[in-house]
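Trainee: My structure is below; once you've seen it, I'll send some questions.
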Amino acid sequence: MNHQYHPLGFTGSRLAQGYWRLAEWGMSDQELVRFIEQGIEAGITTVDHADIYGDYLCETLFGKALALKPSLRDKLQVITKCGIMLPSKQRPEITSHRYDQSTGHIIQSVDHSLSNLQVESIEMLLLHRPSPLMDPDHIAEAFEHLYTVGKVKHFGVSNFSAQQFDLLQSRLDMPLLVNQVELSPLELKRFKDGTLEHAQQHAVTPMAWSPFAGGDLFKLEGINPTLHQAMSVVAEAHQASLDQIALAWLLRHPSGIVPVLGSGQIERVQSAQKALSITLTDDEWFAIWVASQGHPVP
Amino acid sequence: MNHQYHPLGFTGSRLAQGYWRLAEWGMSDQELVRFIEQGIEAGITTVDHADIYGDYLCETLFGKALALKPSLRDKLQVITKCGIMLPSKQRPEITSHRYDQSTGHIIQSVDHSLSNLQVESIEMLLLHRPSPLMDPDHIAEAFEHLYTVGKVKHFGVSNFSAQQFDLLQSRLDMPLLVNQVELSPLELKRFKDGTLEHAQQHAVTPMAWSPFAGGDLFKLEGINPTLHQAMSVVAEAHQASLDQIALAWLLRHPSGIVPVLGSGQIERVQSAQKALSITLTDDEWFAIWVASQGHPVP
Amino acid sequence: MNHQYHPLGFTGSRLAQGYWRLAEWGMSDQELVRFIEQGIEAGITTVDHADIYGDYLCETLFGKALALKPSLRDKLQVITKCGIMLPSKQRPEITSHRYDQSTGHIIQSVDHSLSNLQVESIEMLLLHRPSPLMDPDHIAEAFEHLYTVGKVKHFGVSNFSAQQFDLLQSRLDMPLLVNQVELSPLELKRFKDGTLEHAQQHAVTPMAWSPFAGGDLFKLEGINPTLHQAMSVVAEAHQASLDQIALAWLLRHPSGIVPVLGSGQIERVQSAQKALSITLTDDEWFAIWVASQGHPVP
């Protein structure tokens with residue numbers, strides 16, 4: 001009931017735990033083990049990484065926890081990303097903030113990620129951003145290799161438009177299963193530009209990054225009082241918090257959105273998990289939609 | 001010559017009569033019978049309804065006329081729509097203005113429409129608006145049912161983008177034959193956002209709501225003097241009225257646009273019908289296009 | 001190495017020579033022969049025309065040069081365009097600036113072009129602009145005829161969106177091989193609206209008109225100082241000129257962009273050709289991209 005079964009084979013949890021701020025949490029390896037365990041106990045088994053998170057350090061921190069308690073590995077679906085180059089002390093060879101989606105870089109990036117995460121393979125690799133220099137044939141070559149040698153089981157993208165998705169998919173034998181994009185009651189763009197319709201049509205699971213709009217949801221009263229009011233009414237009706245309502249609102253969408261949580265406080269994670277038992281009515285869903293866009297539906 | 005034959009089976013008239021303002025016309029049942037008859041005599045046999053028109057009352061008024069003169073039924077192609085929920089004294093159970101495109105609601109809405117219209121079946125059902133909560137599998141289930149039991153012969157949509165259309169079509173066995181959108185010399189959006197190209201490509205008939213821009217065409221001199229001037233020159237050349245030119249302009253488009261008339265004055269309907277015998281030259285068509293957008297073609 | 005082989009048969013040079021300003025160059029027929037010869041010597045064998053260039057005069061000027069030295073013909077791939085109507089002393093029958101993409105006009109326009117260019121056939125015909133009145137079946141009829149009688153070997157379009165391309169392609173038996181659009185470091189629109197992704201997906205070659213932004217690139221310091229600075233750094237690193245860097249930047253894109261040159265000075269053409277030996281690094285390519293759009297990549 002907490003799991004989402006993709007028609008093509010991937011099974012992940014309905015909420016994913018994101019680790020892009022892991023380096024800021026200041027956890028010891030043992031504390032992180034406990035955090036991962038408690039997440040699993042709450043039903044959140046999909047973990048979302050990227051090579052660049054925490055200035056290239058988050059994967060390594062996570063890997064240390066896995067090394068400390070190897071039995072955790074098989075309970076998780078590990079996602080990571082590649083394709084962005086960030087200048088960093090960890091990567092002195094990178095001289096500018098750009099993209100690299102060459103065959104060689106993708107393969108090398110996954111090798112780094114596997115080594116840092118201390119795993120043999122990952123469940124899913126996402127291309128982090130569409131690049132204006134994207135050569136789908138080069139990406140296909142990398143994906144085929146990574147699949148064949150068993151390092152990556154499934155593939156997806158992040159922040160792709162429908163057209164960018166179609167281009168890349170047209171060169172691949174395997175299906176792209178995920179498009180991770182920004183989605184929240186404060187960020188409706190992807191609801192309106194065809195991305196979600198395209199995902200629904202092609203059985204692509206949308207993952208939602210920043211489901212709380214990077215924390216703006218918690219300052220909502222000042223940012224969008226109308227939306228704050230609408231969400232507060234719904235929250236009261238369900239005896240729930242604003243963040244639970246934001247998640248329930250995303251979970252209610254028929255495209256099967258998987259929100260990615262970003263908090264390192266286990267109480268927040270456990271609270272988020274309760275959103276799965278909240279089913280918004282159509283009236284409630286549209287009240288939030290209408291308040292966010294500032295005008296009634298036509 | 002007045003009829004439009006869809007490659008996939010639907011036959012409708014080149015102009016459709018819309019009944020969204022029927023409740024405001026103040027006609028007796030007998031007067032409405034006469035209005036319908038005169039429309040048929042003028043070659044306008046497609047009638048366009050929606051469950052919500054006239055605060056949910058227009059279908060019922062129309063049904064009373066059909067009951068008064070049952071022989072009219074087989075001379076008409078009846079279109080109605082569903083999927084919008086409007087708070088109304090007629091529907092006290094509806095508590096907010098939103099969409100409902102669940103299997104149950106679509107089927108129930110058609111049952112209401114058939115009962116109100118006093119017909120056994122309709123020629124076409126349109127989904128009135130794309131919903132951000134649209135689940136194409138649920139809609140497909142409803143459409144399959146309505147087709148199988150013989151209540152609806154053909155299906156279409158209204159106000160859909162190309163992407164929304166593709167999503168829904170991908171789940172249906174039957175083709176969507178119509179996309180009813182706003183089109184007029186004052187409203188070029190759908191000419192420019194890919195909707196008409198998509199319709200042409202997939203043999204979808206665009207129906208044009210508000211072909212006179214909700215009456216703005218008759219106040220054109222104040223609203224867009226350049227367009228008024230351009231249309232007046234064309235009108236004079238054809239010894240025609242501005243509304244006839246607006247219709248002739250839409251009818252000239254290769255996608256086979258079917259304008260939906262909204263007037264309850266039979267003289268206006270008969271006048272509109274004369275637009276079918278006006279063929280604009282390319283020079284005239286582009287003069288109106290250029291005047292509307294305010295700059296020459298590139 | 002200087003040639004681009006299309007998977008479906010067309011072979012053109014990596015840079016094309018455009019002749020839209022030929023009438024302004026003031027060349028004698030003999031001088032034009034020499035200019036064409038020197039272009040061929042520099043590896044630029046694809047020549048780009050349109051019926052309307054130079055107020056309908058450029059094709060005729062070019063044809064006189066070909067007549068003077070017939071052996072040039074077989075060394076060239078001749079492209080021309082049709083579909084725009086421009087009021088002109090040369091064409092008194094045209095009364096307004098509009099499009100004509102009827103079967104009859106396309107065939108007649110090609111006959112004019114063949115006669116003016118003094119050739120039996122051309123390698124490629126492009127539809128010059130998407131028309132809001134485009135009837136793809138009429139265009140298909142014209143293309144089929146022109147192909148069957150041997151007057152046109154390949155077909156393409158110019159300034160088409162992905163949707164417009166799909167519509168026309170859906171009615172054709174032959175593939176559209178080219179979409180000629182505006183592309184330069186100053187004009188990123190087609191990089192962002194899906195046109196280039198669509199071209200890549202369908203093996204359509206993008207040709208770039210105004211690769212120097214209509215000369216704005218040479219006034220770049222005043223127009224976009226940030227971009228000027230970024231391009232100057234790259235130019236210095238390669239000991240190249242700004243226009244060579246602009247071309248190298250376009251040539252680096254994986255969609256196989258073919259820039260169309262517009263200068264009548266053979267030194268400029270020869271200088272442009274040297275861009276083929278400049279390969280920008282990813283750092284350099286993105287430095288120009290970032291400077292042009294005025295913000296880092298996300």
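For the structure tokens, the naming scheme is as follows: chains receive sequential letters (A, B, ...) according to their order of presentation, residues are indexed from 1 within each chain, and ligands are indexed from 1 in presentation order.
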Using only C-alpha atoms, determine which residues of chain C fall within 12 Å of chain B; present them as a count of residues only.

Mentor: 42

Trainee: DSSP says strand (DSSP E or B) for which residues of stretch 75-168 of chain A? Put them as a list in words?

Mentor: Gln77, Val78, Ile79, Thr80, Lys81, Cys82, Ile84, Met85, Ser88, Arg91, Arg98, Tyr99, Ile122, Glu123, Met124, Leu125, Leu126, Leu127, Val152, Lys153, His154, Phe155, Gly156, Val157 and Ser158 of chain A

Trainee: Let me see the file: selected residues, N, CA and C atoms, as a compact mmCIF listing (two decimals), in the first residue's frame.

Mentor:
```txt
# COMPACT_ATOMS: atom_id res chain seq x y z
N GLN A 77 15.84 1.19 -2.38
CA GLN A 77 16.01 1.42 -3.81
C GLN A 77 16.82 2.71 -3.94
N VAL A 78 18.03 2.59 -4.44
CA VAL A 78 18.95 3.72 -4.49
C VAL A 78 18.89 4.38 -5.87
N ILE A 79 18.58 5.67 -5.86
CA ILE A 79 18.60 6.50 -7.06
C ILE A 79 19.75 7.48 -6.95
N THR A 80 20.50 7.64 -8.03
CA THR A 80 21.42 8.79 -8.06
C THR A 80 21.38 9.43 -9.44
N LYS A 81 22.07 10.55 -9.56
CA LYS A 81 21.98 11.35 -10.78
C LYS A 81 23.38 11.72 -11.26
N CYS A 82 23.47 12.13 -12.50
CA CYS A 82 24.74 12.61 -13.04
C CYS A 82 24.47 13.61 -14.16
N ILE A 84 25.67 17.01 -14.27
CA ILE A 84 26.02 18.40 -13.96
C ILE A 84 27.47 18.43 -13.48
N MET A 85 28.21 19.41 -13.93
CA MET A 85 29.58 19.62 -13.46
C MET A 85 29.59 20.88 -12.60
N SER A 88 34.44 22.58 -7.60
CA SER A 88 34.42 22.09 -6.21
C SER A 88 35.83 21.74 -5.78
N ARG A 91 36.56 18.28 -6.72
CA ARG A 91 36.80 17.96 -8.12
C ARG A 91 37.57 19.09 -8.80
N ARG A 98 28.71 23.59 -15.64
CA ARG A 98 28.12 23.27 -16.93
C ARG A 98 27.58 21.85 -16.88
N TYR A 99 27.24 21.28 -18.05
CA TYR A 99 26.79 19.89 -18.09
C TYR A 99 27.82 19.06 -18.82
N ILE A 122 23.05 0.32 -8.54
CA ILE A 122 21.94 1.15 -8.07
C ILE A 122 20.68 0.77 -8.83
N GLU A 123 19.54 1.07 -8.20
CA GLU A 123 18.27 0.73 -8.82
C GLU A 123 17.94 1.69 -9.97
N MET A 124 18.36 2.95 -9.84
CA MET A 124 17.98 3.90 -10.91
C MET A 124 19.00 5.03 -11.02
N LEU A 125 19.31 5.35 -12.28
CA LEU A 125 20.16 6.50 -12.59
C LEU A 125 19.32 7.53 -13.33
N LEU A 126 19.41 8.79 -12.87
CA LEU A 126 18.71 9.88 -13.58
C LEU A 126 19.73 10.83 -14.19
N LEU A 127 19.43 11.28 -15.39
CA LEU A 127 20.18 12.39 -15.98
C LEU A 127 19.65 13.66 -15.30
N VAL A 152 23.54 -0.44 -13.24
CA VAL A 152 22.30 0.34 -13.12
C VAL A 152 21.14 -0.50 -13.64
N LYS A 153 20.08 -0.61 -12.84
CA LYS A 153 18.96 -1.46 -13.24
C LYS A 153 17.92 -0.72 -14.08
N HIS A 154 17.66 0.56 -13.74
CA HIS A 154 16.64 1.35 -14.45
C HIS A 154 17.17 2.75 -14.68
N PHE A 155 16.52 3.45 -15.62
CA PHE A 155 16.99 4.78 -16.00
C PHE A 155 15.84 5.78 -16.05
N GLY A 156 16.20 7.03 -15.83
CA GLY A 156 15.21 8.09 -15.91
C GLY A 156 15.90 9.41 -16.12
N VAL A 157 15.12 10.49 -16.02
CA VAL A 157 15.65 11.83 -16.23
C VAL A 157 15.12 12.76 -15.15
N SER A 158 15.58 13.99 -15.18
CA SER A 158 15.11 14.99 -14.23
C SER A 158 15.04 16.34 -14.94
```

Trainee: Listing only residues of stretch 220-272 of chain B within 9 Å of stretch 180-183 of chain B, what is the closest atom pair and its distance in Å (to one decimal) for each, using only C-alpha atoms, sorted by chain and residue number ascending, as a Markdown table?

Mentor:
```
| residue | atom | partner | partner_atom | distance |
| --- | --- | --- | --- | --- |
| B:Leu250 | CA | B:Leu183 | CA | 7.8 |
| B:Ile257 | CA | B:Leu183 | CA | 8.8 |
| B:Val258 | CA | B:Gln180 | CA | 8.8 |
| B:Pro259 | CA | B:Leu183 | CA | 8.3 |
```

Trainee: Those selected residues, please, written with all heavy atoms and delivered as a compact mmCIF listing (two decimals), in the first residue's frame.

Mentor:
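For reference, out_2.txt as written:
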```txt
# COMPACT_ATOMS: atom_id res chain seq x y z
N LEU B 250 -13.27 31.91 -40.65
CA LEU B 250 -13.06 30.63 -39.96
C LEU B 250 -13.27 29.45 -40.90
O LEU B 250 -12.51 28.47 -40.89
CB LEU B 250 -14.01 30.51 -38.75
CG LEU B 250 -13.73 31.47 -37.58
CD1 LEU B 250 -14.88 31.43 -36.57
CD2 LEU B 250 -12.41 31.10 -36.89
N ILE B 257 -12.88 24.09 -39.58
CA ILE B 257 -13.50 24.65 -38.38
C ILE B 257 -15.02 24.74 -38.52
O ILE B 257 -15.53 25.21 -39.54
CB ILE B 257 -12.93 26.06 -38.12
CG1 ILE B 257 -11.44 25.98 -37.77
CG2 ILE B 257 -13.71 26.78 -37.02
CD1 ILE B 257 -10.72 27.33 -37.82
N VAL B 258 -15.74 24.28 -37.50
CA VAL B 258 -17.20 24.42 -37.43
C VAL B 258 -17.55 25.48 -36.39
O VAL B 258 -17.43 25.24 -35.19
CB VAL B 258 -17.86 23.08 -37.04
CG1 VAL B 258 -19.36 23.26 -36.79
CG2 VAL B 258 -17.62 22.03 -38.11
N PRO B 259 -17.94 26.68 -36.83
CA PRO B 259 -18.31 27.72 -35.87
C PRO B 259 -19.62 27.38 -35.15
O PRO B 259 -20.54 26.82 -35.77
CB PRO B 259 -18.49 28.97 -36.75
CG PRO B 259 -17.78 28.66 -38.04
CD PRO B 259 -17.92 27.18 -38.22
```

Trainee: Show me, as a tab-separated table (two decimals) with N, CA and C atoms, in the first residue's frame, the residues that have an atom within 7 Å of stretch 58-73 of chain B when counting only C-alpha atoms, minus same-chain residues fewer than 2 positions from it.

Mentor:
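Writing the result to selection-v1.tsv gives the following:
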```tsv
chain	number	residue	atom	x	y	z
B	19	TYR	N	-26.59	26.49	-27.73
B	19	TYR	CA	-27.75	26.80	-26.89
B	19	TYR	C	-27.36	27.24	-25.49
B	20	TRP	N	-26.13	27.82	-25.35
B	20	TRP	CA	-25.73	28.17	-23.99
B	20	TRP	C	-26.49	29.35	-23.41
B	22	LEU	N	-29.83	29.78	-24.20
B	22	LEU	CA	-31.25	29.48	-24.44
B	22	LEU	C	-32.16	29.96	-23.30
B	23	ALA	N	-31.68	29.81	-22.06
B	23	ALA	CA	-32.53	30.19	-20.92
B	23	ALA	C	-32.80	31.69	-20.88
B	29	ASP	N	-42.11	26.97	-25.51
B	29	ASP	CA	-41.72	25.70	-26.13
B	29	ASP	C	-42.04	25.74	-27.63
B	30	GLN	N	-43.22	26.29	-27.94
B	30	GLN	CA	-43.63	26.34	-29.34
B	30	GLN	C	-42.70	27.24	-30.16
B	32	LEU	N	-39.60	27.78	-29.52
B	32	LEU	CA	-38.32	27.07	-29.68
B	32	LEU	C	-38.43	26.01	-30.77
B	33	VAL	N	-39.58	25.31	-30.82
B	33	VAL	CA	-39.79	24.35	-31.91
B	33	VAL	C	-39.59	25.06	-33.26
B	49	HIS	N	-24.87	21.64	-26.88
B	49	HIS	CA	-25.31	21.84	-25.51
B	49	HIS	C	-24.19	21.54	-24.53
B	51	ASP	N	-24.24	20.22	-20.09
B	51	ASP	CA	-25.06	20.03	-18.89
B	51	ASP	C	-25.25	21.34	-18.12
B	53	TYR	N	-25.09	24.56	-19.10
B	53	TYR	CA	-25.57	25.80	-19.74
B	53	TYR	C	-26.86	26.29	-19.09
B	54	GLY	N	-26.91	27.61	-18.89
B	54	GLY	CA	-28.11	28.21	-18.29
B	54	GLY	C	-28.35	27.72	-16.88
B	56	TYR	N	-27.68	24.86	-15.64
B	56	TYR	CA	-28.19	23.48	-15.75
B	56	TYR	C	-29.61	23.43	-16.30
B	75	LYS	N	-33.63	14.74	-37.21
B	75	LYS	CA	-33.01	15.68	-38.14
B	75	LYS	C	-31.80	16.38	-37.53
B	76	LEU	N	-31.54	16.12	-36.26
B	76	LEU	CA	-30.49	16.84	-35.54
B	76	LEU	C	-29.33	15.92	-35.16
B	113	SER	N	-28.40	14.28	-18.92
B	113	SER	CA	-28.57	15.01	-20.18
B	113	SER	C	-29.61	14.33	-21.07
B	116	ASN	N	-32.96	15.07	-19.60
B	116	ASN	CA	-33.36	16.47	-19.79
B	116	ASN	C	-33.68	16.78	-21.25
B	117	LEU	N	-32.87	16.24	-22.13
B	117	LEU	CA	-33.05	16.49	-23.57
B	117	LEU	C	-34.20	15.65	-24.14
B	118	GLN	N	-34.66	14.69	-23.36
B	118	GLN	CA	-35.72	13.78	-23.79
B	118	GLN	C	-35.33	13.04	-25.07
```

Trainee: Do you know which residues are at most 9 Å from stretch 221-232 of chain B counting only C-alpha atoms, after dropping those on the same chain fewer than 2 positions away, and could you put them as a ChimeraX atom specification?

Mentor: /B:185-186,216-219,234-237,241-242,245-246,284,287-294

Trainee: Can you pull out the residues contacting C:Ser277? Cut-off 12 Å, using only C-alpha atoms, and skip same-chain residues under 5 positions away; I want them as a tab-separated table (two decimals) with N, CA, C and O atoms, in the first residue's frame.

Mentor:
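As written to disk, result.tsv reads:
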```
chain	number	residue	atom	x	y	z
C	1	MET	N	35.14	15.38	-44.91
C	1	MET	CA	35.21	16.00	-43.58
C	1	MET	C	34.46	17.33	-43.57
C	1	MET	O	33.92	17.74	-42.56
C	2	ASN	N	34.42	17.95	-44.72
C	2	ASN	CA	33.65	19.18	-44.81
C	2	ASN	C	32.19	18.89	-45.17
C	2	ASN	O	31.40	19.82	-45.30
C	14	ARG	N	29.17	21.40	-44.90
C	14	ARG	CA	28.93	21.75	-43.48
C	14	ARG	C	28.54	23.21	-43.33
C	14	ARG	O	27.91	23.60	-42.35
C	238	HIS	N	41.55	30.52	-29.28
C	238	HIS	CA	41.69	29.80	-30.55
C	238	HIS	C	42.34	30.65	-31.63
C	238	HIS	O	42.38	30.22	-32.79
C	239	GLN	N	42.80	31.83	-31.27
C	239	GLN	CA	43.35	32.77	-32.26
C	239	GLN	C	42.40	32.89	-33.45
C	239	GLN	O	42.79	32.72	-34.61
C	240	ALA	N	41.16	33.14	-33.11
C	240	ALA	CA	40.11	33.18	-34.12
C	240	ALA	C	39.32	34.47	-34.00
C	240	ALA	O	39.46	35.22	-33.03
C	244	GLN	N	34.10	33.42	-36.54
C	244	GLN	CA	34.51	32.01	-36.55
C	244	GLN	C	34.05	31.28	-35.29
C	244	GLN	O	33.62	30.13	-35.35
C	245	ILE	N	34.11	31.99	-34.17
C	245	ILE	CA	33.66	31.37	-32.91
C	245	ILE	C	32.14	31.13	-32.94
C	245	ILE	O	31.65	30.09	-32.49
C	247	LEU	N	30.36	30.48	-35.52
C	247	LEU	CA	30.13	29.29	-36.36
C	247	LEU	C	30.56	28.02	-35.64
C	247	LEU	O	29.82	27.01	-35.66
C	248	ALA	N	31.72	28.06	-35.02
C	248	ALA	CA	32.20	26.87	-34.31
C	248	ALA	C	31.22	26.48	-33.21
C	248	ALA	O	31.02	25.29	-32.93
C	249	TRP	N	30.61	27.49	-32.60
C	249	TRP	CA	29.63	27.24	-31.53
C	249	TRP	C	28.40	26.52	-32.11
C	249	TRP	O	27.89	25.56	-31.52
C	251	LEU	N	28.36	24.76	-34.97
C	251	LEU	CA	28.80	23.48	-35.53
C	251	LEU	C	28.99	22.42	-34.44
C	251	LEU	O	28.91	21.23	-34.72
C	252	ARG	N	29.23	22.85	-33.24
C	252	ARG	CA	29.49	21.94	-32.11
C	252	ARG	C	28.21	21.25	-31.63
C	252	ARG	O	28.27	20.26	-30.92
C	271	SER	N	37.36	32.80	-44.45
C	271	SER	CA	37.59	32.87	-43.00
C	271	SER	C	36.58	32.00	-42.27
C	271	SER	O	36.91	31.28	-41.32
C	272	ALA	N	35.33	32.06	-42.71
C	272	ALA	CA	34.28	31.26	-42.08
C	272	ALA	C	34.61	29.77	-42.17
C	272	ALA	O	34.42	29.01	-41.21
```

Trainee: Smallest atom-to-atom distance to B:Gln265: which of B:Thr11, B:Ser28, B:Gln4, B:Gln38, using only C-alpha atoms?

Mentor: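 Of B:Thr11, B:Ser28, B:Gln4, B:Gln38, the one nearest B:Gln265, counting only C-alpha atoms, is B:Gln38.
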
Trainee: Stretch 189-258 of chain C: which residues are alpha helix (DSSP H) by DSSP, as a VMD selection string?

Mentor: chain C and resid 189 to 192 195 to 201 220 to 223 225 to 237 242 to 251

Trainee: Could you please take those selected residues and save C-alpha atoms as a PDB file, in the first residue's frame?

Mentor:
```pdb
ATOM      1  CA  LYS C 189      14.833  30.640 -29.039  1.00  0.00           C
ATOM      2  CA  ARG C 190      14.993  27.490 -31.181  1.00  0.00           C
ATOM      3  CA  PHE C 191      17.356  25.893 -28.677  1.00  0.00           C
ATOM      4  CA  LYS C 192      14.637  26.276 -26.045  1.00  0.00           C
ATOM      5  CA  THR C 195      12.642  22.713 -32.371  1.00  0.00           C
ATOM      6  CA  LEU C 196      16.191  21.388 -32.130  1.00  0.00           C
ATOM      7  CA  GLU C 197      15.196  18.364 -30.040  1.00  0.00           C
ATOM      8  CA  HIS C 198      12.510  17.542 -32.586  1.00  0.00           C
ATOM      9  CA  ALA C 199      15.034  17.877 -35.426  1.00  0.00           C
ATOM     10  CA  GLN C 200      17.533  15.631 -33.662  1.00  0.00           C
ATOM     11  CA  GLN C 201      14.873  13.028 -32.949  1.00  0.00           C
ATOM     12  CA  LEU C 220      28.165  42.757 -29.896  1.00  0.00           C
ATOM     13  CA  GLU C 221      30.169  44.930 -27.511  1.00  0.00           C
ATOM     14  CA  GLY C 222      27.317  47.436 -27.462  1.00  0.00           C
ATOM     15  CA  ILE C 223      24.499  44.917 -27.667  1.00  0.00           C
ATOM     16  CA  PRO C 225      28.824  43.159 -23.405  1.00  0.00           C
ATOM     17  CA  THR C 226      28.769  39.966 -21.334  1.00  0.00           C
ATOM     18  CA  LEU C 227      28.450  37.808 -24.417  1.00  0.00           C
ATOM     19  CA  HIS C 228      31.059  39.899 -26.193  1.00  0.00           C
ATOM     20  CA  GLN C 229      33.469  39.320 -23.340  1.00  0.00           C
ATOM     21  CA  ALA C 230      32.797  35.577 -23.241  1.00  0.00           C
ATOM     22  CA  MET C 231      33.191  35.158 -26.989  1.00  0.00           C
ATOM     23  CA  SER C 232      36.322  37.299 -27.037  1.00  0.00           C
ATOM     24  CA  VAL C 233      37.987  35.049 -24.465  1.00  0.00           C
ATOM     25  CA  VAL C 234      37.170  31.984 -26.565  1.00  0.00           C
ATOM     26  CA  ALA C 235      38.295  33.753 -29.746  1.00  0.00           C
ATOM     27  CA  GLU C 236      41.614  34.625 -28.199  1.00  0.00           C
ATOM     28  CA  ALA C 237      42.185  31.073 -27.002  1.00  0.00           C
ATOM     29  CA  LEU C 242      34.208  36.393 -33.345  1.00  0.00           C
ATOM     30  CA  ASP C 243      32.394  35.146 -36.435  1.00  0.00           C
ATOM     31  CA  GLN C 244      34.514  32.010 -36.550  1.00  0.00           C
ATOM     32  CA  ILE C 245      33.657  31.367 -32.914  1.00  0.00           C
ATOM     33  CA  ALA C 246      29.953  31.901 -33.601  1.00  0.00           C
ATOM     34  CA  LEU C 247      30.134  29.287 -36.363  1.00  0.00           C
ATOM     35  CA  ALA C 248      32.204  26.869 -34.307  1.00  0.00           C
ATOM     36  CA  TRP C 249      29.625  27.237 -31.532  1.00  0.00           C
ATOM     37  CA  LEU C 250      26.786  26.277 -33.905  1.00  0.00           C
ATOM     38  CA  LEU C 251      28.803  23.479 -35.529  1.00  0.00           C
TER      39      LEU C 251
END
```
